[in-house]
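Input: a single structure, listed below in structure tokens.
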Amino acid sequence: METTKCLIVGSGPAGFTAAIYAGRAGLSPILYEGLVPGGQLTTTSEVENFPGYPDGVSGTVMMDDLRRQAGRFGAEVRSGEVTAVDFSRTPFVITVDGSQTIEAQSVIIATGATARYLGLPSERKFMGMGVSACAVCDGFFYRDRDVAVVGGGDSACEEALYLAGICRKVYLIVRKDFLRASDTMQRRVFDNPKIEVLFGHVTEEILGDENGVTGVRLASGRVLEVEGFFLGIGHEPRTEVFRGQVELDDQGYVVVGAGSTQTSVRGVFAAGDVADKVYQQAITAAAAGCKAAFDCERFLNGED
Ligand code: NDP
């Protein structure tokens, strides 16, 4: 069976940064890209907050650059989805696309988290044209415009507050008649004159034309005239394949040691959104990927 020193699962900023560092450290890592090569960033329009790109960069271009940079230092980037892992024995055994197996002395999990969507056809149609799951990434495009956020947890409140600092008016669409966000968050939302909370409302359809979103129709029949529609209904860490193999928290995120990328299994590390439900930014994921490569190198050298 093929054996590698370092196997990286996932191809977002965390995975590629881990591959760059592991490659430069001479570990000849193998990276499996997974079902969404390039990860979540390839679903946003423009990345404007990654340091070093003063004019912004498209998420796809950035991921292509990272892929080439990883390749330059000897990382082998392969297409393929990791479908099973066995971390109960060393070297670890990883199954790709249900059939091929490969052994790895160490593994870096960088599979990310996907934003939850409502699942409406109109939402899919206007993705990147007014529909976004990341206010911090895309809010800037709606300066002085009216927007809507859906959700009633901390994410939705945080998005609404962030957007209120940029936009003219923010509707917060909540399906129940209460917010489940923390008290502090709720107070901030209620105290913000730009935010109107619409309790007990369900989004039925996103309206738009060839230029993008023009409104949202609620199940009550009311139409909100907005140019941006932001999802704030949570994220789903992509950890199904690791369940039962490494410790996950109650929301399915990989548990890592404080200030480290070490998981509950020695030699298995996790970086990026898959192990971070708080920040979930490209730059924080990249930083964690760097740490994971260092942790991995130390483990392989017997220094951990
Ligand atoms: P949550 O699961 O806490 O909240 C999801 C919200 O989305 C709920 O209000 C839920 O409604 C609503 N929702 C889910 N599905 C739909 C749907 N199909 N249509 C309409 N509404 C829907 O997720 P969060 O991402 O907000 O938070 C996850 C965790 O991260 C929490 O522990 C949170 O505290 C934490 N967090 C902390 C932050 C901070 O401290 N700054 C910032 C962001 C997150 P319902 O209530 O009806 O189920």
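The chains in the structure tokens are called A, B, ... from first to last as shown; in each chain the residues are counted from 1, and the ligands are counted from 1 in the order shown.
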
Item to check | Within-6 Å residues of ligand 1, basis only C-alpha atoms and all ligand atoms, as a ChimeraX atom specification | outcome: /A:118,151-156,175-176,180,233-235,277-278

Filtering to C-alpha atoms, could you give me those residues as a PDB file, in the first residue's frame?
ATOM      1  CA  LEU A 118     -32.491  27.481   3.258  1.00  0.00           C
ATOM      2  CA  GLY A 151     -31.597  33.431  11.415  1.00  0.00           C
ATOM      3  CA  GLY A 152     -32.019  34.029  15.122  1.00  0.00           C
ATOM      4  CA  GLY A 153     -28.770  32.828  16.697  1.00  0.00           C
ATOM      5  CA  ASP A 154     -25.480  34.557  17.470  1.00  0.00           C
ATOM      6  CA  SER A 155     -24.315  34.256  13.838  1.00  0.00           C
ATOM      7  CA  ALA A 156     -27.368  36.024  12.460  1.00  0.00           C
ATOM      8  CA  ARG A 175     -38.790  32.141  12.071  1.00  0.00           C
ATOM      9  CA  LYS A 176     -39.706  31.834  15.765  1.00  0.00           C
ATOM     10  CA  ARG A 180     -31.764  32.282  20.570  1.00  0.00           C
ATOM     11  CA  ILE A 233     -28.527  29.989  10.125  1.00  0.00           C
ATOM     12  CA  GLY A 234     -25.306  28.306  11.149  1.00  0.00           C
ATOM     13  CA  HIS A 235     -22.513  26.236   9.731  1.00  0.00           C
ATOM     14  CA  LYS A 277     -16.594  27.789  15.054  1.00  0.00           C
ATOM     15  CA  VAL A 278     -15.820  31.313  16.171  1.00  0.00           C
TER      16      VAL A 278
END

Item to check | DSSP-assigned strand (DSSP E) among stretch 19-265 of chain A, expressed as a PyMOL selection string | outcome: chain A and resi 30-32+46-47+57-58+76-78+82-86+92-96+100-109+113-115+131-132+146-150+169-174+195-199+203-209+212-218+223-224+228-231+235-237

Each residue of stretch 93-136 of chain A lying at most 9 Å from stretch 248-261 of chain A should get a row with its shortest atom-to-atom pair and the distance in Å to one decimal, counting only C-alpha atoms; could you produce that, ordered by chain and increasing number, as JSON lines?
{"residue": "A:Ile108", "atom": "CA", "partner": "A:Thr261", "partner_atom": "CA", "distance": 8.8}
{"residue": "A:Ile109", "atom": "CA", "partner": "A:Val254", "partner_atom": "CA", "distance": 8.8}
{"residue": "A:Ala113", "atom": "CA", "partner": "A:Tyr253", "partner_atom": "CA", "distance": 8.7}

For the residues in the current selection, export C-alpha atoms as a compact mmCIF listing (two decimals), in the first residue's frame.
# COMPACT_ATOMS: atom_id res chain seq x y z
CA ILE A 108 -4.05 17.13 8.93
CA ILE A 109 -7.84 17.54 8.82
CA ALA A 113 -17.40 23.96 7.41

Checklist entry - If you count only C-alpha atoms, which residues fall within 9 Å of A:Asn192, apart from same-chain ones fewer than 5 positions away, as a count of residues only? => result 3

Item to check | Between atom CA of A:Thr17 and atom CA of A:Gly289, distance in Å (one decimal) | outcome: 5.2 Å

Which residues of stretch 122-159 of chain A come within 12 Å of stretch 21-43 of chain A, and for each one, what is the closest pair of atoms and their distance in Å to one decimal, counting only C-alpha atoms, sorted by chain and residue number, as CSV?
residue,atom,partner,partner_atom,distance
A:Arg124,CA,A:Thr43,CA,11.2
A:Phe126,CA,A:Thr43,CA,11.8
A:Met127,CA,A:Thr43,CA,8.2
A:Gly128,CA,A:Thr43,CA,7.3
A:Met129,CA,A:Thr43,CA,11.1
A:Val131,CA,A:Thr43,CA,10.7
A:Ser132,CA,A:Thr43,CA,8.9
A:Ala133,CA,A:Thr43,CA,9.5
A:Cys134,CA,A:Leu41,CA,10.2
A:Cys137,CA,A:Leu41,CA,9.6
A:Asp138,CA,A:Thr43,CA,11.3

Keeping N, CA, C and O atoms for every residue in the selection just given, could you write it to a file as a PDB file, in the first residue's frame?
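part_6.pdb written:
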ATOM      1  N   ARG A 124     -30.376  29.609  -4.597  1.00  0.00           N
ATOM      2  CA  ARG A 124     -29.273  29.058  -5.399  1.00  0.00           C
ATOM      3  C   ARG A 124     -29.032  29.925  -6.645  1.00  0.00           C
ATOM      4  O   ARG A 124     -27.905  30.222  -7.001  1.00  0.00           O
ATOM      5  N   PHE A 126     -29.464  33.082  -7.113  1.00  0.00           N
ATOM      6  CA  PHE A 126     -28.833  34.379  -6.896  1.00  0.00           C
ATOM      7  C   PHE A 126     -27.592  34.304  -6.004  1.00  0.00           C
ATOM      8  O   PHE A 126     -27.153  35.307  -5.457  1.00  0.00           O
ATOM      9  N   MET A 127     -27.051  33.106  -5.872  1.00  0.00           N
ATOM     10  CA  MET A 127     -25.830  32.915  -5.080  1.00  0.00           C
ATOM     11  C   MET A 127     -24.704  33.769  -5.706  1.00  0.00           C
ATOM     12  O   MET A 127     -24.465  33.702  -6.912  1.00  0.00           O
ATOM     13  N   GLY A 128     -24.052  34.586  -4.891  1.00  0.00           N
ATOM     14  CA  GLY A 128     -22.995  35.449  -5.425  1.00  0.00           C
ATOM     15  C   GLY A 128     -23.537  36.652  -6.187  1.00  0.00           C
ATOM     16  O   GLY A 128     -22.777  37.472  -6.687  1.00  0.00           O
ATOM     17  N   MET A 129     -24.875  36.754  -6.288  1.00  0.00           N
ATOM     18  CA  MET A 129     -25.508  37.907  -6.972  1.00  0.00           C
ATOM     19  C   MET A 129     -26.475  38.581  -6.006  1.00  0.00           C
ATOM     20  O   MET A 129     -27.551  39.031  -6.390  1.00  0.00           O
ATOM     21  N   VAL A 131     -27.050  36.939  -2.847  1.00  0.00           N
ATOM     22  CA  VAL A 131     -27.203  35.961  -1.763  1.00  0.00           C
ATOM     23  C   VAL A 131     -25.808  35.597  -1.254  1.00  0.00           C
ATOM     24  O   VAL A 131     -24.926  35.262  -2.049  1.00  0.00           O
ATOM     25  N   SER A 132     -25.624  35.686   0.051  1.00  0.00           N
ATOM     26  CA  SER A 132     -24.305  35.409   0.634  1.00  0.00           C
ATOM     27  C   SER A 132     -24.472  34.794   2.015  1.00  0.00           C
ATOM     28  O   SER A 132     -25.461  35.054   2.697  1.00  0.00           O
ATOM     29  N   ALA A 133     -23.509  33.992   2.408  1.00  0.00           N
ATOM     30  CA  ALA A 133     -23.533  33.436   3.762  1.00  0.00           C
ATOM     31  C   ALA A 133     -22.423  34.053   4.596  1.00  0.00           C
ATOM     32  O   ALA A 133     -22.073  33.531   5.643  1.00  0.00           O
ATOM     33  N   CYS A 134     -21.873  35.179   4.137  1.00  0.00           N
ATOM     34  CA  CYS A 134     -20.756  35.781   4.867  1.00  0.00           C
ATOM     35  C   CYS A 134     -20.825  37.301   4.785  1.00  0.00           C
ATOM     36  O   CYS A 134     -20.408  37.900   3.788  1.00  0.00           O
ATOM     37  N   CYS A 137     -17.451  39.018   4.437  1.00  0.00           N
ATOM     38  CA  CYS A 137     -16.853  38.940   3.092  1.00  0.00           C
ATOM     39  C   CYS A 137     -17.566  39.875   2.116  1.00  0.00           C
ATOM     40  O   CYS A 137     -16.931  40.541   1.310  1.00  0.00           O
ATOM     41  N   ASP A 138     -18.883  39.892   2.164  1.00  0.00           N
ATOM     42  CA  ASP A 138     -19.645  40.525   1.074  1.00  0.00           C
ATOM     43  C   ASP A 138     -20.428  41.774   1.472  1.00  0.00           C
ATOM     44  O   ASP A 138     -20.977  42.453   0.597  1.00  0.00           O
TER      45      ASP A 138
END

Next on the checklist: Please extract the residues of stretch 227-288 of chain A with a backbone DSSP assignment of alpha helix (DSSP H) and present them as a list in words.
Outcome noted: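 So the alpha helix (DSSP H) residues in stretch 227-288 of chain A would be Ala282, Ile283, Thr284, Ala285, Ala286, Ala287 and Ala288 of chain A.
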
Checklist entry - Neighbours of A:Ala70 within 8 Å (only C-alpha atoms; same-chain residues fewer than 5 positions away dropped), as a VMD selection string? => result chain A and resid 16 to 17 19 to 20 23 75 to 76
